[in-house]
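Accompanying notes for the structure given below.
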Amino acid sequence: MATVDSPADFGIERRRSGLVDYITTTDHKKIGILYLYTAVAFFLVAGALALVMRAELAAPGLQVVDNQTYNELFTMHGTAMMFFFVVPLALAFANYFVPLHIGAPDVAFPRLNALTYWMFVLAGLTAFSGFATSGGAAPFGWTGYVPLSESTYSPSVGADLWIMGLLLSGVSGTLGAVNFMATIFGMRAPGMTMFRLPIFVWNIIVTSALIMFTFPVLTAALSMLFIDRNMGGHFFDPKVGGDPILWQHLFWFFGHPEVYIAILPFFGVVTEIIPVFSRKPLFGYRGFVFATLLIGAYSFSVWAHHMFTTGAVDGPFFSATSMLIAVPTGIKFFNWIATMWRGKIRLRTPMLFCMGFLFMFLMGGITGVFLASPPIDFAVHDTYYVVGHMHYVLFGGSVFAIFAGIYYWAPKMFGRMMNERLGKVHFWLMLLGFNVTFFPMFQLGLNGMVRRIADYPAETGFAPMNLLASIGSAIIGLSVLVFVYNFFMSKRRGMPAGNDPWEGYTLEWATTSPPPHHNFTRLPPIRSQQPVFDETQQAQRESRG
Amino acid sequence: MNPSTSPKRRAVLGVLVVVLAIAASACSEVKPQDALDPAGPYARQSDDLWNLTFVLATVVFVIVEAALVFAMVKFRHKPGRTAAQFHGNTKLEILLTAIPALILAGLAIPTVRTIFDLARKPSDALQITVVGHQFWWEYQYTDLGFKTANELYIPVDKDVELTLTGATDNGLGDPEVIHNFWIPRISAGGQDILPGHANFLKLHADEEDTYLGQCKEYCGLSHANMKIVAYAVAEDDFNQWAEEQAAPPEDNFTGDAAEGQKLFTSQEGECANCHAVDPGLEAQPNVGPNLAHFASRETFAGAAFENNTEELSNWLRDPPAMKPGSRMPDYGLSEDQIQDLVAYLQSLK
């Protein structure tokens, strides 16, 4: 039931040593912080793998790593970014802020929540432990296409560890999704109707639904692959009636919604930040909700656009559904801009990252329309064009929004403001580095550079653009160092944040920073989508007269 | 200029100069796999669709980004400004939903037309079956009754219909991995080569030239070394080439070449366990490339290396060192044996 306070916790603050406290905690806020740290750690590791790849590609010839290592690097880079960074980071924000947003004292199942987190840690470590084995980590790309991922071609233990890691992460994700659904549907504070939910919470609902419907499909596919590899199964063996295309169908039936799992929570983050920094209510709240639901629904009907070149799927149908998904995304775009329209825009660091998100994600979205067209896809599929597109969506989109969220919410989570000047340095460096890295990739792909290659001959003419991309990646690396320094420095010595440093609208700003164990000692009345704004307006009116 | 900002500006300017210099040098290079430089009608169809989509995309991109920049600049925080408090505008929202929907519907028409165009089989086309192997190409000229490996010859200005397929048994008991066949300037994009499936791809080259491509679908350790080379030649030259390729290979050798042949066919050499020297379509074994008329090829091992004495000798010394993951292992051949084998291979005209 919806409660304002949890009486059992009321007024009781048990103090234990930090480490034991964090290991045994079931507090959604502490689990959120654990998710944040762990996911960022995986981001740093996966980012380092990418920097090694860029160093290798900077010039023709093999200078830094051999083919085998390179293949392990791009496999684990993609795997870690998708499974152990972006999605867990969404869960970090969701853990911390969903209960606060709906005025609840915790999630519905706090112990399950702790299990979910620790299972995710185990999943990541399992997948990465392949690097410690003699055969190395999995070398077949994050998509794990058969027959290449079968035991004949990838006999290493690292491949089985990869399967196990992903299985664990799938179970962990599914449990987390169930928990958020139960929390959002069952624990909203009085007055918090569905159409007063912050958009972030709506996006977590849709994300959770996508996780619940798609992760089991991945689990099934991985189990089949595991049986093929270790128990003499033949699910994907065409010689005895199996089919390698089956893997692709199962993988992408999971994999395309997975892309939305990796972006929708961050649409939510951006949608929270833009109104606050424009000093305006969100434009077209219901349009946003329906667009999010539509994107979620459509995402199940577009998976085969990853498979146009197999010749085994219906091109026109999947082309049409893929293009259609641009419509609800377009609605969101217009609503974000309309929210800024006639506002009073404060370009603080969180808002800057949101602007970066809008600029870069638009590029990602529009380049995606080309890929939705099979005749163009035939030409650019599996080239660097796709690598460019995907990074504009997931890095320019998700990662910029993640940093927006961190700069926006770190004051609430840690009680101190992050340094604004360093935040701006981080933003501009990252924006520059990002574009210098990934924009040349469009050109490279069109010029015929194939992805997943450690080397290219000089005669191909790919060298200058690759050098540029590698320089850009170093700038990104530098910007991340600025962020890490800023984060830890500000956590110790930043300006105290107070309850509501941004003059926010949603309920997390109605409590202390960081919030007490039970979250709220009182809740403002919830009569709209921006209860904290309503209350401050009310207070101002009363003080005036 | 404020002195405290000038080093910063200089740094930004420096970065810009470097970026532009590298970008400019990139533009001046020759790019043999450029999809934006089609040399045949089918590659051009994809390119035309690209050009149309590019114009629409650029217009949308510029309008939206301009609106964004305008909003950021025009409505930025200023003392005295109040933010208008409005929650939505149903008419505007419907309009702004309809516009992209209409643009996409408009784009769908030429897109679907091109899909069907590219899927239509050409009449009177030269039929070639392409079989993908890890990491080389088998080309079966099914109409003409012979096969070859790694180098594709096609007549200029004529439709070529490729049937793309992978073995369900690669000769070692396992299905072949997935490849993707793609010659950007003359093919209708790239299509996957799947074990147990037959895919279809059209080629057409307008001019006599050498066209390059490579395997697009990640296929293992030497994915980067799985190159494609296609020679588009005049009809007469093509016919002459086909006649030579279909002819049974020479069998009478002297000197080193005879020694090489002896080693090639002997138990000890093991070469003939995987390689046939017979251009017949049914020639076995088929684990490694068919070496009939090997000396007529300019490249070898997935078109990755130049066919000359030095490269061939290096190859025979240790194949996986040149092409990681190569199914041909290092047989520990002596320098004499290598010399004999090279002589033999170079006599296979």
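Chain labels run A, B, ... following the order of the structure tokens; each chain numbers its residues from 1, and ligands are numbered from 1 in the order shown.
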Residue neighbourhood B:Val60, 12 Å, only C-alpha atoms, exclusion window fewer than 6 positions, as a PyMOL selection string
(chain A and resi 330+333+362-363+365-367+369) or (chain B and resi 53-54+66-67+99-100+103-104)
Write the residues you've just listed into a file as a PDB file, in the first residue's frame, and include N, CA and C atoms for each of them.
```pdb
ATOM      1  N   GLY A 330      10.149  11.167 -33.175  1.00  0.00           N
ATOM      2  CA  GLY A 330      10.006  12.552 -33.628  1.00  0.00           C
ATOM      3  C   GLY A 330       9.120  13.354 -32.689  1.00  0.00           C
ATOM      4  N   PHE A 333      11.050  14.469 -29.837  1.00  0.00           N
ATOM      5  CA  PHE A 333      11.970  15.542 -30.182  1.00  0.00           C
ATOM      6  C   PHE A 333      11.278  16.890 -30.201  1.00  0.00           C
ATOM      7  N   LEU A 362      19.801  13.100 -32.444  1.00  0.00           N
ATOM      8  CA  LEU A 362      19.135  13.392 -33.719  1.00  0.00           C
ATOM      9  C   LEU A 362      19.952  12.822 -34.874  1.00  0.00           C
ATOM     10  N   MET A 363      21.262  13.027 -34.780  1.00  0.00           N
ATOM     11  CA  MET A 363      22.158  12.469 -35.799  1.00  0.00           C
ATOM     12  C   MET A 363      22.029  10.940 -35.837  1.00  0.00           C
ATOM     13  N   GLY A 365      19.489   9.134 -34.848  1.00  0.00           N
ATOM     14  CA  GLY A 365      18.168   8.745 -35.342  1.00  0.00           C
ATOM     15  C   GLY A 365      18.064   8.871 -36.840  1.00  0.00           C
ATOM     16  N   ILE A 366      18.551   9.991 -37.365  1.00  0.00           N
ATOM     17  CA  ILE A 366      18.406  10.222 -38.807  1.00  0.00           C
ATOM     18  C   ILE A 366      19.284   9.265 -39.608  1.00  0.00           C
ATOM     19  N   THR A 367      20.483   8.987 -39.127  1.00  0.00           N
ATOM     20  CA  THR A 367      21.305   8.021 -39.863  1.00  0.00           C
ATOM     21  C   THR A 367      20.687   6.632 -39.798  1.00  0.00           C
ATOM     22  N   VAL A 369      17.498   6.060 -40.228  1.00  0.00           N
ATOM     23  CA  VAL A 369      16.488   5.963 -41.285  1.00  0.00           C
ATOM     24  C   VAL A 369      17.106   5.357 -42.553  1.00  0.00           C
TER      25      VAL A 369
ATOM     26  N   THR B  53      17.492   9.927 -49.951  1.00  0.00           N
ATOM     27  CA  THR B  53      17.313   9.914 -48.498  1.00  0.00           C
ATOM     28  C   THR B  53      18.205  10.964 -47.852  1.00  0.00           C
ATOM     29  N   PHE B  54      19.398  11.125 -48.418  1.00  0.00           N
ATOM     30  CA  PHE B  54      20.359  12.079 -47.850  1.00  0.00           C
ATOM     31  C   PHE B  54      19.808  13.506 -47.901  1.00  0.00           C
ATOM     32  N   ALA B  66      18.418  23.654 -36.183  1.00  0.00           N
ATOM     33  CA  ALA B  66      18.291  25.110 -36.175  1.00  0.00           C
ATOM     34  C   ALA B  66      17.269  25.526 -35.121  1.00  0.00           C
ATOM     35  N   ALA B  67      16.154  24.778 -35.044  1.00  0.00           N
ATOM     36  CA  ALA B  67      15.138  25.103 -34.031  1.00  0.00           C
ATOM     37  C   ALA B  67      15.736  24.978 -32.634  1.00  0.00           C
ATOM     38  N   ILE B  99       3.690  15.360 -39.966  1.00  0.00           N
ATOM     39  CA  ILE B  99       4.721  15.741 -40.952  1.00  0.00           C
ATOM     40  C   ILE B  99       5.788  14.648 -41.112  1.00  0.00           C
ATOM     41  N   PRO B 100       6.423  14.192 -40.015  1.00  0.00           N
ATOM     42  CA  PRO B 100       7.406  13.119 -40.235  1.00  0.00           C
ATOM     43  C   PRO B 100       6.787  11.849 -40.795  1.00  0.00           C
ATOM     44  N   ILE B 103       6.572  12.389 -44.492  1.00  0.00           N
ATOM     45  CA  ILE B 103       7.897  12.325 -45.123  1.00  0.00           C
ATOM     46  C   ILE B 103       8.325  10.870 -45.279  1.00  0.00           C
ATOM     47  N   LEU B 104       8.121  10.085 -44.210  1.00  0.00           N
ATOM     48  CA  LEU B 104       8.553   8.686 -44.250  1.00  0.00           C
ATOM     49  C   LEU B 104       7.710   7.889 -45.233  1.00  0.00           C
TER      50      LEU B 104
END
```
ask   = For chain A against chain B, which residues fall within 7 Å using only C-alpha atoms, given as an MDAnalysis selection string?
value = chainID A and resid 67:68 147:148 237:239 279:284 309:311 316 323 327 331 337 340:346 359 366 370 373:376 378:379 382 446:448 450 452:455 460:461 464:465 468
Hey, can you spit out that residue selection with C-alpha atoms as a PDB file, in the first residue's frame?
```
ATOM      1  CA  ASN A  67      43.843 -10.435 -34.423  1.00  0.00           C
ATOM      2  CA  GLN A  68      42.756 -12.741 -31.617  1.00  0.00           C
ATOM      3  CA  PRO A 147      28.191 -20.966 -36.283  1.00  0.00           C
ATOM      4  CA  LEU A 148      31.153 -18.771 -35.281  1.00  0.00           C
ATOM      5  CA  ASP A 237      23.370 -26.900 -37.179  1.00  0.00           C
ATOM      6  CA  PRO A 238      21.876 -26.951 -40.701  1.00  0.00           C
ATOM      7  CA  LYS A 239      23.287 -30.394 -41.429  1.00  0.00           C
ATOM      8  CA  ARG A 279      11.622  26.781 -15.969  1.00  0.00           C
ATOM      9  CA  LYS A 280       8.579  25.394 -17.755  1.00  0.00           C
ATOM     10  CA  PRO A 281       6.242  22.446 -17.472  1.00  0.00           C
ATOM     11  CA  LEU A 282       6.853  19.632 -19.920  1.00  0.00           C
ATOM     12  CA  PHE A 283       5.196  20.231 -23.284  1.00  0.00           C
ATOM     13  CA  GLY A 284       2.768  17.467 -24.239  1.00  0.00           C
ATOM     14  CA  THR A 309      21.218  -9.127 -45.728  1.00  0.00           C
ATOM     15  CA  THR A 310      20.338 -12.676 -44.673  1.00  0.00           C
ATOM     16  CA  GLY A 311      17.805 -12.702 -47.505  1.00  0.00           C
ATOM     17  CA  PRO A 316       9.352  -4.161 -47.140  1.00  0.00           C
ATOM     18  CA  MET A 323      10.763   3.765 -40.387  1.00  0.00           C
ATOM     19  CA  VAL A 327       7.419   8.924 -35.741  1.00  0.00           C
ATOM     20  CA  ILE A 331       7.118  13.426 -31.280  1.00  0.00           C
ATOM     21  CA  ILE A 337      12.167  21.598 -28.189  1.00  0.00           C
ATOM     22  CA  MET A 340      12.356  24.902 -24.170  1.00  0.00           C
ATOM     23  CA  TRP A 341      10.302  27.290 -26.292  1.00  0.00           C
ATOM     24  CA  ARG A 342       9.619  30.620 -24.553  1.00  0.00           C
ATOM     25  CA  GLY A 343      11.318  29.313 -21.443  1.00  0.00           C
ATOM     26  CA  LYS A 344      14.139  30.783 -19.405  1.00  0.00           C
ATOM     27  CA  ILE A 345      16.919  28.368 -20.157  1.00  0.00           C
ATOM     28  CA  ARG A 346      19.769  27.919 -17.696  1.00  0.00           C
ATOM     29  CA  PHE A 359      22.135  17.163 -31.051  1.00  0.00           C
ATOM     30  CA  ILE A 366      18.406  10.222 -38.807  1.00  0.00           C
ATOM     31  CA  PHE A 370      19.056   5.084 -43.977  1.00  0.00           C
ATOM     32  CA  SER A 373      15.979   1.094 -46.062  1.00  0.00           C
ATOM     33  CA  PRO A 374      17.110  -2.378 -47.240  1.00  0.00           C
ATOM     34  CA  PRO A 375      18.782  -1.250 -50.512  1.00  0.00           C
ATOM     35  CA  ILE A 376      20.963   1.183 -48.545  1.00  0.00           C
ATOM     36  CA  PHE A 378      22.728  -3.898 -48.246  1.00  0.00           C
ATOM     37  CA  ALA A 379      25.539  -1.449 -49.004  1.00  0.00           C
ATOM     38  CA  ASP A 382      28.435  -4.321 -41.226  1.00  0.00           C
ATOM     39  CA  LEU A 446      30.546   4.585 -47.024  1.00  0.00           C
ATOM     40  CA  ASN A 447      34.083   4.359 -48.360  1.00  0.00           C
ATOM     41  CA  GLY A 448      33.935   0.628 -47.715  1.00  0.00           C
ATOM     42  CA  VAL A 450      34.141  -3.120 -42.780  1.00  0.00           C
ATOM     43  CA  ARG A 452      35.308  -5.874 -36.757  1.00  0.00           C
ATOM     44  CA  ILE A 453      38.663  -5.818 -38.539  1.00  0.00           C
ATOM     45  CA  ALA A 454      41.942  -5.205 -36.726  1.00  0.00           C
ATOM     46  CA  ASP A 455      43.713  -4.039 -39.853  1.00  0.00           C
ATOM     47  CA  THR A 460      42.095   1.401 -49.151  1.00  0.00           C
ATOM     48  CA  GLY A 461      42.432   5.089 -48.273  1.00  0.00           C
ATOM     49  CA  PRO A 464      43.427   9.451 -42.425  1.00  0.00           C
ATOM     50  CA  MET A 465      39.864   9.087 -41.136  1.00  0.00           C
ATOM     51  CA  LEU A 468      41.189  11.205 -36.821  1.00  0.00           C
TER      52      LEU A 468
END
```
Query raised in the report: Per DSSP on the backbone, what are the helix (DSSP H, G or I) residues of stretch 166-253 of chain A, as a ChimeraX atom specification?
Result: /A:166-186,194-196,199-230,238-240,244-253
Since we have the selection now, will you write its residues out, keeping C-alpha atoms, as an mmCIF file, in the first residue's frame?
```cif
data_model
loop_
_atom_site.group_PDB
_atom_site.id
_atom_site.type_symbol
_atom_site.label_atom_id
_atom_site.label_comp_id
_atom_site.auth_asym_id
_atom_site.auth_seq_id
_atom_site.Cartn_x
_atom_site.Cartn_y
_atom_site.Cartn_z
ATOM 1 C CA LEU A 166 24.836 -12.993 -20.010
ATOM 2 C CA LEU A 167 22.461 -15.586 -18.573
ATOM 3 C CA LEU A 168 23.029 -14.202 -15.088
ATOM 4 C CA SER A 169 22.622 -10.654 -16.285
ATOM 5 C CA GLY A 170 19.359 -11.649 -18.002
ATOM 6 C CA VAL A 171 17.951 -13.164 -14.825
ATOM 7 C CA SER A 172 19.125 -10.177 -12.821
ATOM 8 C CA GLY A 173 17.500 -7.759 -15.274
ATOM 9 C CA THR A 174 14.222 -9.660 -15.266
ATOM 10 C CA LEU A 175 14.051 -9.688 -11.463
ATOM 11 C CA GLY A 176 14.812 -5.965 -11.387
ATOM 12 C CA ALA A 177 12.071 -5.260 -13.920
ATOM 13 C CA VAL A 178 9.496 -7.179 -11.866
ATOM 14 C CA ASN A 179 10.527 -5.220 -8.818
ATOM 15 C CA PHE A 180 10.126 -1.844 -10.513
ATOM 16 C CA MET A 181 6.746 -2.786 -11.977
ATOM 17 C CA ALA A 182 5.489 -3.866 -8.549
ATOM 18 C CA THR A 183 6.889 -0.722 -6.962
ATOM 19 C CA ILE A 184 5.398 1.682 -9.478
ATOM 20 C CA PHE A 185 1.983 0.031 -9.653
ATOM 21 C CA GLY A 186 1.697 -0.726 -5.953
ATOM 22 C CA MET A 194 -0.518 7.413 -13.350
ATOM 23 C CA PHE A 195 -0.787 10.654 -15.290
ATOM 24 C CA ARG A 196 1.040 12.557 -12.581
ATOM 25 C CA ILE A 199 8.108 10.836 -17.298
ATOM 26 C CA PHE A 200 11.226 9.112 -15.992
ATOM 27 C CA VAL A 201 8.993 6.701 -14.070
ATOM 28 C CA TRP A 202 6.853 6.089 -17.158
ATOM 29 C CA ASN A 203 9.973 5.268 -19.087
ATOM 30 C CA ILE A 204 11.027 2.823 -16.390
ATOM 31 C CA ILE A 205 7.613 1.137 -16.695
ATOM 32 C CA VAL A 206 8.054 0.652 -20.435
ATOM 33 C CA THR A 207 11.701 -0.357 -20.026
ATOM 34 C CA SER A 208 10.711 -2.933 -17.394
ATOM 35 C CA ALA A 209 8.041 -4.340 -19.672
ATOM 36 C CA LEU A 210 10.582 -4.653 -22.497
ATOM 37 C CA ILE A 211 13.012 -6.393 -20.155
ATOM 38 C CA MET A 212 10.365 -8.833 -18.967
ATOM 39 C CA PHE A 213 9.343 -9.758 -22.501
ATOM 40 C CA THR A 214 12.772 -9.918 -24.144
ATOM 41 C CA PHE A 215 15.347 -11.107 -21.620
ATOM 42 C CA PRO A 216 13.685 -14.544 -21.396
ATOM 43 C CA VAL A 217 14.127 -14.847 -25.166
ATOM 44 C CA LEU A 218 17.829 -14.122 -24.799
ATOM 45 C CA THR A 219 17.995 -16.614 -21.956
ATOM 46 C CA ALA A 220 16.432 -19.255 -24.210
ATOM 47 C CA ALA A 221 18.835 -18.505 -27.064
ATOM 48 C CA LEU A 222 21.869 -18.583 -24.779
ATOM 49 C CA SER A 223 20.707 -21.874 -23.269
ATOM 50 C CA MET A 224 20.410 -23.372 -26.748
ATOM 51 C CA LEU A 225 23.887 -22.160 -27.619
ATOM 52 C CA PHE A 226 25.222 -23.595 -24.377
ATOM 53 C CA ILE A 227 23.585 -26.963 -25.145
ATOM 54 C CA ASP A 228 25.000 -26.901 -28.677
ATOM 55 C CA ARG A 229 28.460 -26.143 -27.383
ATOM 56 C CA ASN A 230 28.637 -28.461 -24.411
ATOM 57 C CA PRO A 238 21.876 -26.951 -40.701
ATOM 58 C CA LYS A 239 23.287 -30.394 -41.429
ATOM 59 C CA VAL A 240 20.750 -32.043 -39.154
ATOM 60 C CA PRO A 244 21.918 -20.505 -37.942
ATOM 61 C CA ILE A 245 19.249 -17.908 -38.767
ATOM 62 C CA LEU A 246 17.261 -19.072 -35.743
ATOM 63 C CA TRP A 247 19.943 -17.586 -33.510
ATOM 64 C CA GLN A 248 19.690 -14.260 -35.299
ATOM 65 C CA HIS A 249 15.906 -14.170 -34.926
ATOM 66 C CA LEU A 250 16.080 -14.945 -31.221
ATOM 67 C CA PHE A 251 19.016 -12.644 -30.607
ATOM 68 C CA TRP A 252 17.485 -9.650 -32.365
ATOM 69 C CA PHE A 253 14.002 -10.271 -30.998
#
```
inquiry  = Can you pull out the residues contacting stretch 269-279 of chain B? Cut-off 8 Å, using only C-alpha atoms, and skip same-chain residues under 4 positions away; I want them as a PyMOL selection string.
reply    = chain B and resi 146-148+245-249+263-265+283-293
Correct to one decimal, the distance atom CA of B:Thr254-atom CA of B:Trp315 is 23.2 Å
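Pairwise distance (atom CA of A:Val157, atom CA of A:Gly136) equals 7.8 Å.
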Counting only C-alpha atoms, closest pick from B:Gly132, B:Gly332, B:Gly260, B:Gly255 relative to B:Gly302 is B:Gly132
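Nearest-residue note for B:Ala205: choosing from B:Ala234, B:Ala257, B:Ile63, B:Ala39, the minimum distance belongs to B:Ala39, counting only C-alpha atoms.
In terms of minimum interatomic distance to A:Thr437, A:His391 ranks closest within A:Arg348, A:Arg451, A:His77, A:His391, counting only C-alpha atoms.
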